[in-house]
>>> print(open('target.csv').read())   # CSV, N, CA and C atoms
chain,number,residue,atom,x,y,z
A,4,MET,N,-16.5,-57.4,-22.2
A,4,MET,CA,-15.7,-56.9,-23.3
A,4,MET,C,-14.7,-55.9,-22.7
A,5,ALA,N,-15.2,-55.0,-21.8
A,5,ALA,CA,-14.3,-54.0,-21.3
A,5,ALA,C,-13.1,-54.6,-20.6
A,6,LYS,N,-13.2,-55.7,-20.0
A,6,LYS,CA,-12.1,-56.3,-19.4
A,6,LYS,C,-11.1,-57.0,-20.4
A,7,LEU,N,-11.6,-57.4,-21.5
A,7,LEU,CA,-10.8,-58.0,-22.5
A,7,LEU,C,-10.1,-57.0,-23.4
A,8,ASP,N,-10.7,-55.8,-23.6
A,8,ASP,CA,-10.1,-54.9,-24.5
A,8,ASP,C,-10.0,-53.5,-23.8
A,9,ASP,N,-8.8,-53.0,-23.7
A,9,ASP,CA,-8.5,-51.8,-23.0
A,9,ASP,C,-9.2,-50.6,-23.7
A,10,GLU,N,-9.2,-50.6,-25.0
A,10,GLU,CA,-9.8,-49.5,-25.7
A,10,GLU,C,-11.3,-49.5,-25.5
A,11,ILE,N,-12.0,-50.6,-25.5
A,11,ILE,CA,-13.4,-50.7,-25.3
A,11,ILE,C,-13.7,-50.2,-23.8
A,12,GLY,N,-12.9,-50.7,-22.9
A,12,GLY,CA,-13.0,-50.4,-21.5
A,12,GLY,C,-12.9,-48.9,-21.3
A,13,GLN,N,-11.9,-48.3,-21.9
A,13,GLN,CA,-11.7,-46.8,-21.8
A,13,GLN,C,-12.9,-46.1,-22.4
A,14,GLY,N,-13.4,-46.5,-23.5
A,14,GLY,CA,-14.6,-45.9,-24.1
A,14,GLY,C,-15.8,-46.0,-23.2
A,15,LEU,N,-16.0,-47.1,-22.6
A,15,LEU,CA,-17.2,-47.3,-21.7
A,15,LEU,C,-17.0,-46.4,-20.5
A,16,LYS,N,-15.8,-46.3,-20.0
A,16,LYS,CA,-15.6,-45.5,-18.8
A,16,LYS,C,-15.9,-44.0,-19.1
A,17,GLN,N,-15.4,-43.6,-20.3
A,17,GLN,CA,-15.7,-42.2,-20.7
A,17,GLN,C,-17.2,-41.9,-20.9
A,18,ARG,N,-17.9,-42.8,-21.5
A,18,ARG,CA,-19.3,-42.7,-21.7
A,18,ARG,C,-20.0,-42.6,-20.3
A,19,SER,N,-19.6,-43.5,-19.4
A,19,SER,CA,-20.2,-43.5,-18.1
A,19,SER,C,-19.9,-42.2,-17.4
A,20,GLU,N,-18.8,-41.7,-17.5
A,20,GLU,CA,-18.5,-40.4,-16.8
A,20,GLU,C,-19.3,-39.2,-17.4
A,21,ARG,N,-19.5,-39.3,-18.7
A,21,ARG,CA,-20.4,-38.3,-19.4
A,21,ARG,C,-21.8,-38.4,-18.8
A,22,ARG,N,-22.3,-39.6,-18.5
A,22,ARG,CA,-23.6,-39.7,-17.9
A,22,ARG,C,-23.6,-39.1,-16.5
A,23,ARG,N,-22.5,-39.4,-15.8
A,23,ARG,CA,-22.4,-38.8,-14.4
A,23,ARG,C,-22.4,-37.3,-14.5
A,24,GLN,N,-21.7,-36.7,-15.4
A,24,GLN,CA,-21.7,-35.3,-15.6
A,24,GLN,C,-23.0,-34.7,-15.9
A,25,ALA,N,-23.7,-35.4,-16.8
A,25,ALA,CA,-25.1,-35.0,-17.2
A,25,ALA,C,-26.0,-35.0,-16.0
A,26,LEU,N,-25.9,-36.0,-15.2
A,26,LEU,CA,-26.7,-36.1,-14.0
A,26,LEU,C,-26.4,-35.0,-13.0
A,27,THR,N,-25.1,-34.7,-12.9
A,27,THR,CA,-24.6,-33.6,-12.0
A,27,THR,C,-25.3,-32.3,-12.4
A,28,VAL,N,-25.3,-32.0,-13.7
A,28,VAL,CA,-25.9,-30.8,-14.3
A,28,VAL,C,-27.4,-30.8,-14.0
A,29,LEU,N,-28.1,-31.9,-14.2
A,29,LEU,CA,-29.5,-31.9,-14.0
A,29,LEU,C,-29.9,-31.8,-12.5
A,30,VAL,N,-29.2,-32.4,-11.7
A,30,VAL,CA,-29.4,-32.3,-10.2
A,30,VAL,C,-29.1,-30.9,-9.8
A,31,GLY,N,-28.0,-30.3,-10.3
A,31,GLY,CA,-27.7,-28.9,-10.0
A,31,GLY,C,-28.8,-27.9,-10.3
A,32,ARG,N,-29.6,-28.2,-11.3
A,32,ARG,CA,-30.7,-27.3,-11.7
A,32,ARG,C,-31.8,-27.3,-10.7
A,33,MET,N,-31.8,-28.3,-9.8
A,33,MET,CA,-32.8,-28.3,-8.8
A,33,MET,C,-32.6,-27.2,-7.8
A,34,ALA,N,-31.4,-26.7,-7.7
A,34,ALA,CA,-31.1,-25.5,-6.8
A,34,ALA,C,-31.7,-25.7,-5.4
A,35,THR,N,-31.3,-26.7,-4.7
A,35,THR,CA,-31.8,-26.9,-3.3
A,35,THR,C,-30.9,-26.3,-2.3
A,36,GLY,N,-29.7,-25.8,-2.8
A,36,GLY,CA,-28.8,-25.2,-1.9
A,36,GLY,C,-28.0,-26.2,-1.0
A,37,GLN,N,-28.1,-27.4,-1.3
A,37,GLN,CA,-27.3,-28.4,-0.5
A,37,GLN,C,-26.5,-29.3,-1.4
A,38,ASP,N,-25.5,-30.0,-0.8
A,38,ASP,CA,-24.7,-30.9,-1.5
A,38,ASP,C,-25.5,-32.0,-2.1
A,39,GLN,N,-25.5,-32.2,-3.4
A,39,GLN,CA,-26.3,-33.2,-4.1
A,39,GLN,C,-25.5,-34.4,-4.6
A,40,SER,N,-24.2,-34.5,-4.1
A,40,SER,CA,-23.4,-35.6,-4.6
A,40,SER,C,-23.9,-37.0,-4.4
A,41,GLU,N,-24.6,-37.1,-3.2
A,41,GLU,CA,-25.2,-38.4,-2.9
A,41,GLU,C,-26.3,-38.8,-3.9
A,42,LEU,N,-27.1,-37.8,-4.2
A,42,LEU,CA,-28.2,-38.0,-5.1
A,42,LEU,C,-27.7,-38.3,-6.5
A,43,VAL,N,-26.6,-37.6,-6.9
A,43,VAL,CA,-26.0,-37.9,-8.2
A,43,VAL,C,-25.5,-39.4,-8.2
A,44,ASP,N,-24.9,-39.8,-7.1
A,44,ASP,CA,-24.4,-41.2,-7.0
A,44,ASP,C,-25.5,-42.2,-7.1
A,45,VAL,N,-26.6,-41.9,-6.4
A,45,VAL,CA,-27.8,-42.8,-6.5
A,45,VAL,C,-28.4,-42.9,-7.9
A,46,LEU,N,-28.6,-41.7,-8.5
A,46,LEU,CA,-29.1,-41.7,-9.8
A,46,LEU,C,-28.2,-42.4,-10.8
A,47,PHE,N,-26.9,-42.2,-10.6
A,47,PHE,CA,-25.9,-42.8,-11.5
A,47,PHE,C,-26.1,-44.4,-11.4
A,48,ALA,N,-26.2,-44.9,-10.2
A,48,ALA,CA,-26.3,-46.3,-10.0
A,48,ALA,C,-27.7,-46.8,-10.6
A,49,LEU,N,-28.7,-46.1,-10.4
A,49,LEU,CA,-30.1,-46.5,-10.8
A,49,LEU,C,-30.2,-46.5,-12.3
A,50,THR,N,-29.4,-45.7,-13.0
A,50,THR,CA,-29.5,-45.6,-14.5
A,50,THR,C,-28.4,-46.3,-15.2
A,51,SER,N,-27.7,-47.2,-14.5
A,51,SER,CA,-26.6,-48.0,-15.1
A,51,SER,C,-27.2,-49.2,-15.8
A,52,PHE,N,-26.4,-49.7,-16.7
A,52,PHE,CA,-26.8,-51.0,-17.4
A,52,PHE,C,-26.8,-52.1,-16.4
A,53,GLU,N,-25.9,-52.1,-15.4
A,53,GLU,CA,-25.8,-53.1,-14.4
A,53,GLU,C,-27.1,-53.2,-13.6
A,54,MET,N,-27.7,-52.0,-13.3
A,54,MET,CA,-29.0,-52.0,-12.5
A,54,MET,C,-30.1,-52.6,-13.4
A,55,PHE,N,-30.2,-52.1,-14.7
A,55,PHE,CA,-31.2,-52.7,-15.6
A,55,PHE,C,-31.0,-54.2,-15.7
A,56,ASP,N,-29.8,-54.6,-15.9
A,56,ASP,CA,-29.6,-56.1,-16.0
A,56,ASP,C,-30.0,-56.8,-14.8
A,57,ALA,N,-29.6,-56.3,-13.6
A,57,ALA,CA,-30.0,-57.0,-12.4
A,57,ALA,C,-31.5,-57.1,-12.2
A,58,LEU,N,-32.2,-56.1,-12.6
A,58,LEU,CA,-33.7,-56.1,-12.5
A,58,LEU,C,-34.4,-56.9,-13.6
A,59,SER,N,-33.7,-57.3,-14.6
A,59,SER,CA,-34.3,-58.1,-15.7
A,59,SER,C,-34.3,-59.6,-15.4
A,60,VAL,N,-34.9,-59.9,-14.3
A,60,VAL,CA,-35.0,-61.3,-13.9
A,60,VAL,C,-36.4,-61.7,-13.7
A,61,HIS,N,-36.7,-62.9,-13.4
A,61,HIS,CA,-38.0,-63.4,-13.2
A,61,HIS,C,-39.0,-63.0,-14.3
A,62,ARG,N,-38.5,-63.1,-15.5
A,62,ARG,CA,-39.3,-62.8,-16.7
A,62,ARG,C,-39.9,-61.4,-16.7
A,63,ARG,N,-39.2,-60.5,-16.0
A,63,ARG,CA,-39.7,-59.1,-16.0
A,63,ARG,C,-39.4,-58.5,-17.3
A,64,SER,N,-40.3,-57.9,-17.9
A,64,SER,CA,-40.2,-57.2,-19.3
A,64,SER,C,-39.3,-56.0,-19.2
A,65,ASP,N,-38.8,-55.5,-20.3
A,65,ASP,CA,-38.0,-54.3,-20.4
A,65,ASP,C,-38.9,-53.1,-19.9
A,66,LYS,N,-40.2,-53.1,-20.3
A,66,LYS,CA,-41.0,-52.0,-19.8
A,66,LYS,C,-41.3,-52.1,-18.3
A,67,ALA,N,-41.4,-53.2,-17.8
A,67,ALA,CA,-41.5,-53.4,-16.3
A,67,ALA,C,-40.3,-52.9,-15.6
A,68,VAL,N,-39.1,-53.2,-16.1
A,68,VAL,CA,-37.9,-52.8,-15.5
A,68,VAL,C,-37.8,-51.3,-15.6
A,69,GLU,N,-38.1,-50.7,-16.7
A,69,GLU,CA,-38.1,-49.3,-16.9
A,69,GLU,C,-39.0,-48.6,-15.9
A,70,ALA,N,-40.2,-49.1,-15.7
A,70,ALA,CA,-41.2,-48.6,-14.8
A,70,ALA,C,-40.6,-48.6,-13.3
A,71,LEU,N,-40.0,-49.7,-13.0
A,71,LEU,CA,-39.5,-49.9,-11.7
A,71,LEU,C,-38.3,-48.9,-11.4
A,72,ILE,N,-37.5,-48.7,-12.4
A,72,ILE,CA,-36.4,-47.8,-12.2
A,72,ILE,C,-36.9,-46.4,-12.2
A,73,GLN,N,-37.9,-46.0,-13.0
A,73,GLN,CA,-38.5,-44.7,-12.9
A,73,GLN,C,-39.1,-44.4,-11.5
A,74,GLN,N,-39.7,-45.4,-10.9
A,74,GLN,CA,-40.3,-45.3,-9.6
A,74,GLN,C,-39.1,-45.1,-8.6
A,75,LEU,N,-38.1,-45.8,-8.7
A,75,LEU,CA,-36.9,-45.7,-7.8
A,75,LEU,C,-36.3,-44.3,-7.9
A,76,VAL,N,-36.2,-43.8,-9.1
A,76,VAL,CA,-35.7,-42.4,-9.4
A,76,VAL,C,-36.6,-41.4,-8.7
A,77,GLU,N,-37.9,-41.5,-8.9
A,77,GLU,CA,-38.8,-40.6,-8.3
A,77,GLU,C,-38.7,-40.6,-6.8
A,78,ASP,N,-38.6,-41.8,-6.2
A,78,ASP,CA,-38.5,-42.0,-4.8
A,78,ASP,C,-37.2,-41.3,-4.3
A,79,SER,N,-36.1,-41.5,-5.0
A,79,SER,CA,-34.8,-40.9,-4.6
A,79,SER,C,-34.9,-39.4,-4.7
A,80,LEU,N,-35.5,-38.9,-5.7
A,80,LEU,CA,-35.7,-37.4,-5.9
A,80,LEU,C,-36.4,-36.8,-4.7
A,81,LYS,N,-37.5,-37.5,-4.3
A,81,LYS,CA,-38.3,-37.0,-3.2
A,81,LYS,C,-37.5,-37.1,-1.9
A,82,ARG,N,-36.8,-38.2,-1.7
A,82,ARG,CA,-36.0,-38.3,-0.5
A,82,ARG,C,-34.9,-37.3,-0.3
A,83,PHE,N,-34.2,-37.0,-1.5
A,83,PHE,CA,-33.0,-36.1,-1.4
A,83,PHE,C,-33.4,-34.6,-1.5
A,84,SER,N,-34.5,-34.4,-2.2
A,84,SER,CA,-34.9,-33.0,-2.4
A,84,SER,C,-35.9,-32.5,-1.4
A,85,GLY,N,-36.7,-33.4,-0.8
A,85,GLY,CA,-37.7,-33.0,0.1
A,85,GLY,C,-38.9,-32.4,-0.6
A,86,LYS,N,-38.9,-32.5,-1.9
A,86,LYS,CA,-40.0,-31.9,-2.7
A,86,LYS,C,-40.8,-33.1,-3.4
A,87,ARG,N,-42.0,-32.8,-3.7
A,87,ARG,CA,-42.9,-33.7,-4.4
A,87,ARG,C,-42.5,-33.7,-5.9
A,88,VAL,N,-42.4,-34.9,-6.5
A,88,VAL,CA,-42.1,-35.0,-7.9
A,88,VAL,C,-43.3,-35.4,-8.7
>>> encode(input="target.csv", output="structure tokens")
Amino acid sequence: MAKLDDEIGQGLKQRSERRRQALTVLVGRMATGQDQSELVDVLFALTSFEMFDALSVHRRSDKAVEALIQQLVEDSLKRFSGKRV
């Protein structure tokens, strides 16, 4: 739809950027003292509709996709922060 309608596309882009900003704030609260832009990018990708859609294959239920994404987020937080989550 976004490709067919500029207004819808613009709205989706704005919503997506608000999600990126929210992730930036949340990651900033971790106060690790290092650049967290890569972590924000990873979390942004993991929490996208496209990621959810890509994992919704092989009869995987919505709950199973959610659990998989949650595990990937936890793994990413551990990797980038060096802390246990």
>>> closest_residue(input="target.csv", among="A:Glu41, A:Asp78, A:Glu69, A:Glu10", to="Phe55 of chain A", atoms="only C-alpha atoms")
A:Glu69
>>> atom_distance(input="target.csv", atom1="atom CA of Phe47 of chain A", atom2="atom CA of Ser64 of chain A")
21.7 Å
>>> residues_around(input="target.csv", residues="Val68 of chain A", least_positions_apart="5", cutoff="7 Å", atoms="only N, CA and C atoms", output="NGL selection string")
:A and (55 or 58-59 or 63 or 73)
>>> select_by_dssp(input="target.csv", residues="chain A", states="helix (DSSP H, G or I)", output="ChimeraX atom specification")
/A:9-31,40-49,52-58,65-84
>>> atom_distance(input="target.csv", atom1="atom C of Leu26 of chain A", atom2="atom C of Asp9 of chain A")
25.6 Å
>>> atom_distance(input="target.csv", atom1="atom CA of Leu80 of chain A", atom2="atom CA of His61 of chain A")
27.1 Å
>>> closest_residue(input="target.csv", among="A:Asp65, A:Ser84, A:Gln13, A:Ile72", to="Thr50 of chain A", atoms="all atoms listed in the file")
A:Ile72
>>> residues_around(input="target.csv", residues="Ser79 of chain A", least_positions_apart="5", cutoff="8 Å", atoms="only N, CA and C atoms", output="ChimeraX atom specification")
/A:42,45-46,73-74,84-85
>>> axis_aligned_box(input="target.csv", around="segment 59-66 of chain A", padding_each_side="6 Å", output="JSON")
{"center_x": -37.5, "center_y": -57.7, "center_z": -16.8, "size_x": 19.6, "size_y": 23.4, "size_z": 19.2}
>>> build_atoms(input="target.csv", residues="segment 13-24 of chain A", atoms="all heavy atoms", output="short mmCIF file (atom, residue, chain, number, x, y, z; two decimals), keeping the file's coordinate frame")
data_model
loop_
_atom_site.label_atom_id
_atom_site.label_comp_id
_atom_site.auth_asym_id
_atom_site.auth_seq_id
_atom_site.Cartn_x
_atom_site.Cartn_y
_atom_site.Cartn_z
N GLN A 13 -11.90 -48.30 -21.90
CA GLN A 13 -11.70 -46.80 -21.80
C GLN A 13 -12.90 -46.10 -22.40
O GLN A 13 -13.37 -45.08 -21.78
CB GLN A 13 -10.43 -46.42 -22.50
CG GLN A 13 -9.96 -45.05 -22.12
CD GLN A 13 -9.51 -44.94 -20.68
OE1 GLN A 13 -10.06 -45.55 -19.76
NE2 GLN A 13 -8.50 -44.13 -20.45
N GLY A 14 -13.40 -46.50 -23.50
CA GLY A 14 -14.60 -45.90 -24.10
C GLY A 14 -15.80 -46.00 -23.20
O GLY A 14 -16.57 -44.98 -23.10
N LEU A 15 -16.00 -47.10 -22.60
CA LEU A 15 -17.20 -47.30 -21.70
C LEU A 15 -17.00 -46.40 -20.50
O LEU A 15 -18.03 -45.85 -20.01
CB LEU A 15 -17.34 -48.76 -21.36
CG LEU A 15 -17.80 -49.70 -22.47
CD1 LEU A 15 -17.72 -51.14 -22.01
CD2 LEU A 15 -19.21 -49.35 -22.92
N LYS A 16 -15.80 -46.30 -20.00
CA LYS A 16 -15.60 -45.50 -18.80
C LYS A 16 -15.90 -44.00 -19.10
O LYS A 16 -16.50 -43.32 -18.33
CB LYS A 16 -14.15 -45.68 -18.33
CG LYS A 16 -13.85 -44.93 -17.06
CD LYS A 16 -12.45 -45.20 -16.58
CE LYS A 16 -12.18 -44.43 -15.31
NZ LYS A 16 -10.84 -44.66 -14.80
N GLN A 17 -15.40 -43.60 -20.30
CA GLN A 17 -15.70 -42.20 -20.70
C GLN A 17 -17.20 -41.90 -20.90
O GLN A 17 -17.66 -40.87 -20.43
CB GLN A 17 -14.91 -41.85 -21.97
CG GLN A 17 -13.41 -41.77 -21.79
CD GLN A 17 -12.67 -41.65 -23.10
OE1 GLN A 17 -13.24 -41.75 -24.18
NE2 GLN A 17 -11.36 -41.42 -23.01
N ARG A 18 -17.90 -42.80 -21.50
CA ARG A 18 -19.30 -42.70 -21.70
C ARG A 18 -20.00 -42.60 -20.30
O ARG A 18 -20.93 -41.84 -20.10
CB ARG A 18 -19.85 -43.81 -22.53
CG ARG A 18 -21.31 -43.61 -22.90
CD ARG A 18 -21.72 -44.59 -23.94
NE ARG A 18 -22.33 -45.73 -23.26
CZ ARG A 18 -22.73 -46.82 -23.86
NH1 ARG A 18 -22.53 -46.99 -25.15
NH2 ARG A 18 -23.30 -47.78 -23.19
N SER A 19 -19.60 -43.50 -19.40
CA SER A 19 -20.20 -43.50 -18.10
C SER A 19 -19.90 -42.20 -17.40
O SER A 19 -20.85 -41.68 -16.70
CB SER A 19 -19.55 -44.69 -17.33
OG SER A 19 -20.22 -44.91 -16.15
N GLU A 20 -18.80 -41.70 -17.50
CA GLU A 20 -18.50 -40.40 -16.80
C GLU A 20 -19.30 -39.20 -17.40
O GLU A 20 -19.65 -38.31 -16.73
CB GLU A 20 -16.97 -40.09 -16.84
CG GLU A 20 -16.20 -40.91 -15.83
CD GLU A 20 -16.76 -40.81 -14.42
OE1 GLU A 20 -16.99 -39.69 -13.91
OE2 GLU A 20 -17.01 -41.87 -13.81
N ARG A 21 -19.50 -39.30 -18.70
CA ARG A 21 -20.40 -38.30 -19.40
C ARG A 21 -21.80 -38.40 -18.80
O ARG A 21 -22.46 -37.33 -18.55
CB ARG A 21 -20.43 -38.43 -20.88
CG ARG A 21 -19.15 -37.96 -21.57
CD ARG A 21 -19.31 -37.84 -23.08
NE ARG A 21 -19.68 -39.09 -23.73
CZ ARG A 21 -18.83 -40.01 -24.19
NH1 ARG A 21 -17.53 -39.81 -24.07
NH2 ARG A 21 -19.26 -41.10 -24.79
N ARG A 22 -22.30 -39.60 -18.50
CA ARG A 22 -23.60 -39.70 -17.90
C ARG A 22 -23.60 -39.10 -16.50
O ARG A 22 -24.53 -38.46 -16.11
CB ARG A 22 -23.96 -41.24 -17.88
CG ARG A 22 -25.37 -41.49 -17.41
CD ARG A 22 -25.82 -42.93 -17.69
NE ARG A 22 -24.90 -43.94 -17.23
CZ ARG A 22 -24.87 -44.41 -15.98
NH1 ARG A 22 -25.71 -43.96 -15.08
NH2 ARG A 22 -24.01 -45.35 -15.64
N ARG A 23 -22.50 -39.40 -15.80
CA ARG A 23 -22.40 -38.80 -14.40
C ARG A 23 -22.40 -37.30 -14.50
O ARG A 23 -23.08 -36.60 -13.68
CB ARG A 23 -21.16 -39.30 -13.68
CG ARG A 23 -21.06 -38.77 -12.25
CD ARG A 23 -19.77 -39.22 -11.57
NE ARG A 23 -19.70 -40.64 -11.34
CZ ARG A 23 -20.28 -41.27 -10.30
NH1 ARG A 23 -21.01 -40.58 -9.44
NH2 ARG A 23 -20.14 -42.56 -10.15
N GLN A 24 -21.70 -36.70 -15.40
CA GLN A 24 -21.70 -35.30 -15.60
C GLN A 24 -23.00 -34.70 -15.90
O GLN A 24 -23.45 -33.67 -15.41
CB GLN A 24 -20.62 -34.85 -16.62
CG GLN A 24 -19.18 -35.02 -16.18
CD GLN A 24 -18.87 -34.22 -14.93
OE1 GLN A 24 -19.29 -33.08 -14.78
NE2 GLN A 24 -18.14 -34.84 -14.01
#
